[in-house]
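Visitor: Structure file upload_31.txt (compact mmCIF, C-alpha atoms) is given on the next line.
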# COMPACT_ATOMS: atom_id res chain seq x y z
CA MET A 1 0.00 0.00 0.00
CA GLN A 2 3.01 2.31 0.28
CA HIS A 3 2.84 2.59 -3.52
CA LEU A 4 -0.84 3.60 -3.58
CA THR A 5 -1.26 6.32 -6.18
CA MET A 6 -3.92 8.20 -8.15
CA ASP A 7 -4.14 9.53 -11.69
CA THR A 8 -5.26 13.01 -12.71
CA ASP A 9 -8.76 11.79 -13.60
CA THR A 10 -9.19 10.56 -10.02
CA GLU A 11 -7.69 13.76 -8.63
CA LEU A 12 -10.24 15.80 -10.58
CA GLY A 13 -12.95 13.49 -9.26
CA LEU A 14 -11.80 14.03 -5.67
CA LEU A 15 -11.99 17.79 -6.23
CA ARG A 16 -15.78 17.37 -6.55
CA HIS A 17 -15.86 16.69 -2.82
CA TYR A 18 -14.29 20.00 -1.81
CA MET A 19 -16.02 23.27 -0.95
CA SER A 20 -12.82 25.15 -1.77
CA VAL A 21 -9.07 24.58 -2.14
CA PRO A 22 -6.03 26.89 -2.16
CA GLN A 23 -5.48 28.79 -5.41
CA ALA A 24 -1.89 27.57 -5.64
CA TYR A 25 -3.17 24.01 -5.77
CA LEU A 26 -5.68 24.82 -8.52
CA HIS A 27 -2.95 26.42 -10.64
CA SER A 28 -0.82 23.28 -10.27
CA LEU A 29 -3.72 21.15 -11.54
CA LEU A 30 -4.48 23.19 -14.68
CA GLY A 31 -3.10 21.74 -17.90
CA GLN A 32 -2.49 18.26 -16.47
CA GLU A 33 -3.17 15.49 -18.98
CA TYR A 34 -5.66 12.79 -18.05
CA ARG A 35 -7.53 9.89 -19.56
CA THR A 36 -11.27 9.59 -19.08
CA LEU A 37 -14.11 7.49 -20.42
CA ASP A 38 -16.25 9.14 -23.09
CA PHE A 39 -19.59 7.39 -22.71
CA ALA A 40 -20.86 8.65 -26.07
CA GLN A 41 -17.88 7.16 -27.91
CA GLU A 42 -17.57 4.23 -25.48
CA ALA A 43 -13.83 4.78 -25.50
CA MET A 44 -11.07 6.33 -23.40
CA ILE A 45 -10.03 9.80 -24.54
CA THR A 46 -7.21 12.16 -23.58
CA LYS A 47 -8.03 15.57 -22.10
CA TRP A 48 -6.23 18.34 -20.23
CA VAL A 49 -7.56 19.92 -17.03
CA SER A 50 -9.14 23.29 -17.82
CA THR A 51 -10.54 26.10 -15.70
CA ALA A 52 -14.01 24.86 -16.69
CA ASP A 53 -13.18 21.35 -15.40
CA VAL A 54 -12.07 22.81 -12.07
CA ALA A 55 -15.18 25.01 -11.77
CA HIS A 56 -17.49 22.11 -12.66
CA ALA A 57 -15.81 19.86 -10.10
CA LEU A 58 -16.18 22.38 -7.26
CA GLU A 59 -19.81 23.04 -8.25
CA THR A 60 -20.77 19.35 -8.11
CA PRO A 61 -23.30 18.81 -5.29
CA GLY A 62 -22.97 15.98 -2.82
CA PRO A 63 -20.44 15.08 -0.10
CA LYS A 64 -18.10 17.97 0.70
CA PHE A 65 -15.05 18.43 2.91
CA TYR A 66 -14.89 21.55 5.07
CA SER A 67 -12.34 24.09 3.86
CA ASN A 68 -8.80 24.40 5.26
CA LEU A 69 -8.79 21.28 7.42
CA GLY A 70 -5.31 20.26 8.48
CA GLY A 71 -4.15 17.30 6.40
CA LEU A 72 -7.15 17.50 4.07
CA GLN A 73 -6.68 20.86 2.34
CA THR A 74 -6.37 19.35 -1.16
CA PRO A 75 -7.00 16.01 -2.93
CA ARG A 76 -3.25 15.37 -2.79
CA LYS A 77 -3.24 15.75 1.00
CA LEU A 78 -6.28 13.46 1.13
CA MET A 79 -4.38 10.93 -0.96
CA GLU A 80 -1.48 10.96 1.52
CA LEU A 81 -3.86 10.35 4.41
CA ILE A 82 -5.61 7.46 2.66
CA ARG A 83 -2.26 5.90 1.74
CA ALA A 84 -1.13 5.97 5.38
CA ARG A 85 -4.41 4.49 6.63
CA ALA A 86 -4.41 1.84 3.88
CA MET A 87 -0.87 0.80 4.81
CA ASN A 88 -1.93 0.35 8.41
CA ALA A 89 -5.07 -1.58 7.40
CA ALA A 90 -3.00 -3.87 5.17
CA ARG A 91 -0.57 -4.59 8.02
CA THR A 92 -3.43 -5.55 10.33
CA ASP A 93 -5.20 -7.57 7.61
CA GLU A 94 -8.27 -5.28 7.68
CA LEU A 95 -8.53 -4.84 3.91
CA HIS A 96 -10.97 -7.21 2.21
CA TRP A 97 -10.63 -7.38 -1.56
CA PHE A 98 -13.50 -7.91 -3.98
CA ASP A 99 -12.68 -9.15 -7.48
CA GLY A 100 -14.28 -7.48 -10.49
CA GLU A 101 -13.92 -7.91 -14.22
CA PHE A 102 -11.40 -5.10 -14.59
CA ALA A 103 -10.08 -4.56 -11.06
CA LYS A 104 -10.25 -5.76 -7.49
CA LYS A 105 -11.42 -3.26 -4.90
CA ALA A 106 -11.25 -2.70 -1.16
CA TYR A 107 -13.26 -0.25 0.93
CA LEU A 108 -11.77 1.77 3.75
CA THR A 109 -13.41 3.97 6.39
CA VAL A 110 -11.42 6.61 8.26
CA LYS A 111 -12.94 8.10 11.43
CA PHE A 112 -12.08 11.41 13.08
CA PRO A 113 -13.00 12.79 16.52
CA ASP A 114 -14.73 15.83 14.96
CA PRO A 115 -16.73 16.48 11.78
CA ILE A 116 -14.64 16.89 8.63
CA GLY A 117 -17.45 17.66 6.19
CA VAL A 118 -21.04 16.92 5.19
CA SER A 119 -22.46 13.81 3.55
CA GLY A 120 -24.62 15.76 1.10
CA ILE A 121 -26.92 12.81 0.28
CA VAL A 122 -30.12 11.84 2.12
CA PRO A 123 -32.67 9.01 1.80
CA VAL A 124 -35.79 10.28 0.03
CA GLN A 125 -38.06 8.56 2.59
CA SER A 126 -36.45 10.56 5.41
CA LEU A 127 -37.58 13.86 3.86
CA PRO A 128 -40.75 15.65 4.93
CA GLU A 129 -43.55 15.35 2.39
CA ASP A 130 -43.35 19.03 1.43
CA VAL A 131 -39.62 18.69 0.74
CA ARG A 132 -40.11 15.53 -1.33
CA ALA A 133 -42.50 17.52 -3.48
CA THR A 134 -39.64 19.86 -4.43
CA ILE A 135 -37.32 17.12 -5.76
CA VAL A 136 -35.86 17.93 -9.17
CA ARG A 137 -34.15 15.45 -11.47
CA ARG A 138 -30.88 16.80 -12.85
CA PRO A 139 -27.49 15.52 -14.05
CA ARG A 140 -25.14 14.47 -11.24
CA GLY A 141 -22.54 16.98 -12.43
CA LYS A 142 -20.90 18.61 -15.43
CA LEU A 143 -17.71 16.57 -15.65
CA ALA A 144 -17.34 13.84 -18.26
CA GLY A 145 -19.55 10.86 -17.51
CA GLU A 146 -21.72 12.68 -14.96
CA ASP A 147 -24.85 13.12 -17.05
CA PHE A 148 -26.70 10.44 -15.05
CA LEU A 149 -29.90 11.97 -13.63
CA VAL A 150 -30.28 12.06 -9.83
CA ASN A 151 -32.84 13.37 -7.37
CA THR A 152 -31.88 16.78 -5.98
CA ILE A 153 -33.24 19.07 -3.28
CA ALA A 154 -32.16 22.66 -2.71
CA ASN A 155 -30.79 24.16 0.51
CA TYR A 156 -31.78 21.31 2.81
CA PRO A 157 -29.94 21.09 6.19
CA GLU A 158 -26.87 18.92 5.79
CA GLN A 159 -25.67 16.33 8.26
CA PRO A 160 -22.06 16.76 9.47
CA THR A 161 -19.95 13.62 9.36
CA ASN A 162 -16.68 12.57 10.99
CA ARG A 163 -15.97 9.77 8.51
CA ILE A 164 -14.24 9.41 5.17
CA ALA A 165 -15.13 6.56 2.86
CA ALA A 166 -12.44 5.50 0.40
CA VAL A 167 -12.34 3.02 -2.46
CA ILE A 168 -8.94 1.65 -3.41
CA GLY A 169 -8.18 -0.94 -6.03
CA TRP A 170 -5.81 -2.83 -8.21
CA VAL A 171 -6.53 -2.49 -11.91
CA LYS A 172 -5.55 -5.69 -13.64
CA ASP A 173 -2.06 -5.59 -15.18
CA ASP A 174 -1.16 -2.39 -13.26
CA PRO A 175 1.92 -2.70 -11.01
CA ALA A 176 0.62 -0.54 -8.15
CA PRO A 177 -2.70 -0.06 -6.31
CA THR A 178 -4.70 3.09 -7.02
CA LEU A 179 -7.14 5.32 -5.20
CA PHE A 180 -10.50 5.34 -6.99
CA ASP A 181 -12.47 7.72 -4.77
CA ALA A 182 -12.68 9.23 -1.27
CA TYR A 183 -15.32 11.50 0.23
CA PRO A 184 -17.01 12.47 3.53
CA GLY A 185 -19.65 10.12 4.91
CA GLY A 186 -20.54 6.49 4.32
CA LEU A 187 -19.89 4.42 1.21
CA ILE A 188 -21.92 5.47 -1.83
CA PRO A 189 -22.42 3.15 -4.83
CA ASP A 190 -21.21 4.21 -8.26
CA HIS A 191 -23.69 5.58 -10.75
CA PRO A 192 -25.28 2.87 -12.91
CA SER A 193 -23.17 2.08 -15.97
CA ASP A 194 -23.23 -0.35 -18.86
CA LEU A 195 -19.75 -1.39 -17.72
CA GLN A 196 -21.26 -2.94 -14.57
CA GLY A 197 -22.76 -6.40 -14.23
CA LEU A 198 -26.54 -6.70 -14.12
CA GLU A 199 -26.68 -7.21 -10.34
CA GLU A 200 -24.35 -4.31 -9.55
CA ARG A 201 -26.11 -1.99 -12.00
CA ALA A 202 -29.55 -2.84 -10.54
CA TYR A 203 -28.30 -2.23 -6.98
CA ASN A 204 -26.71 1.10 -7.91
CA PHE A 205 -29.80 2.24 -9.81
CA CYS A 206 -32.01 1.40 -6.81
CA PHE A 207 -29.74 3.35 -4.43
CA TRP A 208 -29.81 6.53 -6.50
CA GLU A 209 -33.57 6.28 -7.03
CA LYS A 210 -34.06 6.19 -3.25
CA HIS A 211 -31.64 9.02 -2.37
CA ALA A 212 -31.45 12.73 -3.06
CA VAL A 213 -28.41 14.97 -3.47
CA ILE A 214 -28.46 18.30 -1.63
CA VAL A 215 -27.81 21.28 -3.90
CA ARG A 216 -26.37 24.31 -2.14
Kindly return the structure encoded in the file as structure tokens.
Guide:
Amino acid sequence: MQHLTMDTDTELGLLRHYMSVPQAYLHSLLGQEYRTLDFAQEAMITKWVSTADVAHALETPGPKFYSNLGGLQTPRKLMELIRARAMNAARTDELHWFDGEFAKKAYLTVKFPDPIGVSGIVPVQSLPEDVRATIVRRPRGKLAGEDFLVNTIANYPEQPTNRIAAVIGWVKDDPAPTLFDAYPGGLIPDHPSDLQGLEERAYNFCFWEKHAVIVR
């Protein structure tokens, strides 16, 4: 786990979970090359991080880290924290791997004594009836591959959380493990995708149908 890494596509994805980050960090991210899946072409394409990508990431609703937390100020700091915790979990045999078609994954939860952010996602059934009536279906975000429609509610009180959920994995044929995602709160399934098996896709679809994302 000491070689756990992340690519620029993942780093841009982690940025979605931040309310704000230092400007110096944003400047270091601009122009970085990354590979991402173009769902329309059903192929991987090469892109370069733009100011629009950064803005779209920060505007994405959902789980968000509080600003300027020590050790969590940027996705790169978050990566360092997850690497250290994953190394410890591997030493104590706490990582349980699940094999998939393209990669094997493990899920890690990191707990803190105080809140580090908000979960940003709530079960629809927990909402008052008048709030449920205001649900709007909209794309999850504006980054590539985020056009999946989700339930959203505006300006609903958010629940602080003291946990980080992380997904790490080993893509087949890659020499080192990689960080796939990390965000405040409990584990959240991926959006439904044709790349998933029927059972996984059905489970993920059901989760997102029964939950709403809070839009600030």
Visitor: Could you make a table, as JSON lines, of the residues of range 155-175 of chain A that have an atom within 10 Å of an atom of range 114-126 of chain A, each with its nearest atom pair and distance in Å to one decimal, counting only C-alpha atoms, in chain and number order?
Guide:
{"residue": "A:Tyr156", "atom": "CA", "partner": "A:Gly120", "partner_atom": "CA", "distance": 9.2}
{"residue": "A:Pro157", "atom": "CA", "partner": "A:Gly120", "partner_atom": "CA", "distance": 9.1}
{"residue": "A:Glu158", "atom": "CA", "partner": "A:Gly120", "partner_atom": "CA", "distance": 6.1}
{"residue": "A:Gln159", "atom": "CA", "partner": "A:Val118", "partner_atom": "CA", "distance": 5.6}
{"residue": "A:Pro160", "atom": "CA", "partner": "A:Val118", "partner_atom": "CA", "distance": 4.4}
{"residue": "A:Thr161", "atom": "CA", "partner": "A:Pro115", "partner_atom": "CA", "distance": 4.9}
{"residue": "A:Asn162", "atom": "CA", "partner": "A:Pro115", "partner_atom": "CA", "distance": 4.0}
{"residue": "A:Arg163", "atom": "CA", "partner": "A:Ile116", "partner_atom": "CA", "distance": 7.2}
{"residue": "A:Ile164", "atom": "CA", "partner": "A:Ile116", "partner_atom": "CA", "distance": 8.3}
Visitor: Pick out the closest residue to Leu4 in chain A from this set: A:Ile82, A:Ala166, A:Leu29, A:Val213. Count all atoms listed in the file.
Guide: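 For Leu4 in chain A, the nearest of the given residues is A:Ile82.
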Visitor: With all atoms listed in the file as the basis for distance, which of A:Ile45, A:Ala154, A:Val167, A:Ala86 is at the shortest distance from Lys104 in chain A?
Guide: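 So, comparing all the options, the nearest one is A:Val167.
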Visitor: As an exercise, work out the distance from CA of Arg140 in chain A to CA of Pro61 in chain A in Å and give it to one decimal place.
Guide: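 Computed distance, CA of Arg140 in chain A to CA of Pro61 in chain A, equals 7.6 Å.
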Visitor: What separation in Å, quoted to one decimal, exists between CA of Thr60 in chain A and CA of Ala106 in chain A?
Guide: 25.0 Å
Visitor: What would range 51-129 of chain A look like if you wrote it out as a short mmCIF file (atom, residue, chain, number, x, y, z; two decimals), in the first residue's frame, with C-alpha atoms included, from the block I just posted?
Guide:
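Generated file (part.cif):
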data_model
loop_
_atom_site.label_atom_id
_atom_site.label_comp_id
_atom_site.auth_asym_id
_atom_site.auth_seq_id
_atom_site.Cartn_x
_atom_site.Cartn_y
_atom_site.Cartn_z
CA THR A 51 -10.54 26.10 -15.70
CA ALA A 52 -14.01 24.86 -16.69
CA ASP A 53 -13.18 21.35 -15.40
CA VAL A 54 -12.07 22.81 -12.07
CA ALA A 55 -15.18 25.01 -11.77
CA HIS A 56 -17.49 22.11 -12.66
CA ALA A 57 -15.81 19.86 -10.10
CA LEU A 58 -16.18 22.38 -7.26
CA GLU A 59 -19.81 23.04 -8.25
CA THR A 60 -20.77 19.35 -8.11
CA PRO A 61 -23.30 18.81 -5.29
CA GLY A 62 -22.97 15.98 -2.82
CA PRO A 63 -20.44 15.08 -0.10
CA LYS A 64 -18.10 17.97 0.70
CA PHE A 65 -15.05 18.43 2.91
CA TYR A 66 -14.89 21.55 5.07
CA SER A 67 -12.34 24.09 3.86
CA ASN A 68 -8.80 24.40 5.26
CA LEU A 69 -8.79 21.28 7.42
CA GLY A 70 -5.31 20.26 8.48
CA GLY A 71 -4.15 17.30 6.40
CA LEU A 72 -7.15 17.50 4.07
CA GLN A 73 -6.68 20.86 2.34
CA THR A 74 -6.37 19.35 -1.16
CA PRO A 75 -7.00 16.01 -2.93
CA ARG A 76 -3.25 15.37 -2.79
CA LYS A 77 -3.24 15.75 1.00
CA LEU A 78 -6.28 13.46 1.13
CA MET A 79 -4.38 10.93 -0.96
CA GLU A 80 -1.48 10.96 1.52
CA LEU A 81 -3.86 10.35 4.41
CA ILE A 82 -5.61 7.46 2.66
CA ARG A 83 -2.26 5.90 1.74
CA ALA A 84 -1.13 5.97 5.38
CA ARG A 85 -4.41 4.49 6.63
CA ALA A 86 -4.41 1.84 3.88
CA MET A 87 -0.87 0.80 4.81
CA ASN A 88 -1.93 0.35 8.41
CA ALA A 89 -5.07 -1.58 7.40
CA ALA A 90 -3.00 -3.87 5.17
CA ARG A 91 -0.57 -4.59 8.02
CA THR A 92 -3.43 -5.55 10.33
CA ASP A 93 -5.20 -7.57 7.61
CA GLU A 94 -8.27 -5.28 7.68
CA LEU A 95 -8.53 -4.84 3.91
CA HIS A 96 -10.97 -7.21 2.21
CA TRP A 97 -10.63 -7.38 -1.56
CA PHE A 98 -13.50 -7.91 -3.98
CA ASP A 99 -12.68 -9.15 -7.48
CA GLY A 100 -14.28 -7.48 -10.49
CA GLU A 101 -13.92 -7.91 -14.22
CA PHE A 102 -11.40 -5.10 -14.59
CA ALA A 103 -10.08 -4.56 -11.06
CA LYS A 104 -10.25 -5.76 -7.49
CA LYS A 105 -11.42 -3.26 -4.90
CA ALA A 106 -11.25 -2.70 -1.16
CA TYR A 107 -13.26 -0.25 0.93
CA LEU A 108 -11.77 1.77 3.75
CA THR A 109 -13.41 3.97 6.39
CA VAL A 110 -11.42 6.61 8.26
CA LYS A 111 -12.94 8.10 11.43
CA PHE A 112 -12.08 11.41 13.08
CA PRO A 113 -13.00 12.79 16.52
CA ASP A 114 -14.73 15.83 14.96
CA PRO A 115 -16.73 16.48 11.78
CA ILE A 116 -14.64 16.89 8.63
CA GLY A 117 -17.45 17.66 6.19
CA VAL A 118 -21.04 16.92 5.19
CA SER A 119 -22.46 13.81 3.55
CA GLY A 120 -24.62 15.76 1.10
CA ILE A 121 -26.92 12.81 0.28
CA VAL A 122 -30.12 11.84 2.12
CA PRO A 123 -32.67 9.01 1.80
CA VAL A 124 -35.79 10.28 0.03
CA GLN A 125 -38.06 8.56 2.59
CA SER A 126 -36.45 10.56 5.41
CA LEU A 127 -37.58 13.86 3.86
CA PRO A 128 -40.75 15.65 4.93
CA GLU A 129 -43.55 15.35 2.39
#
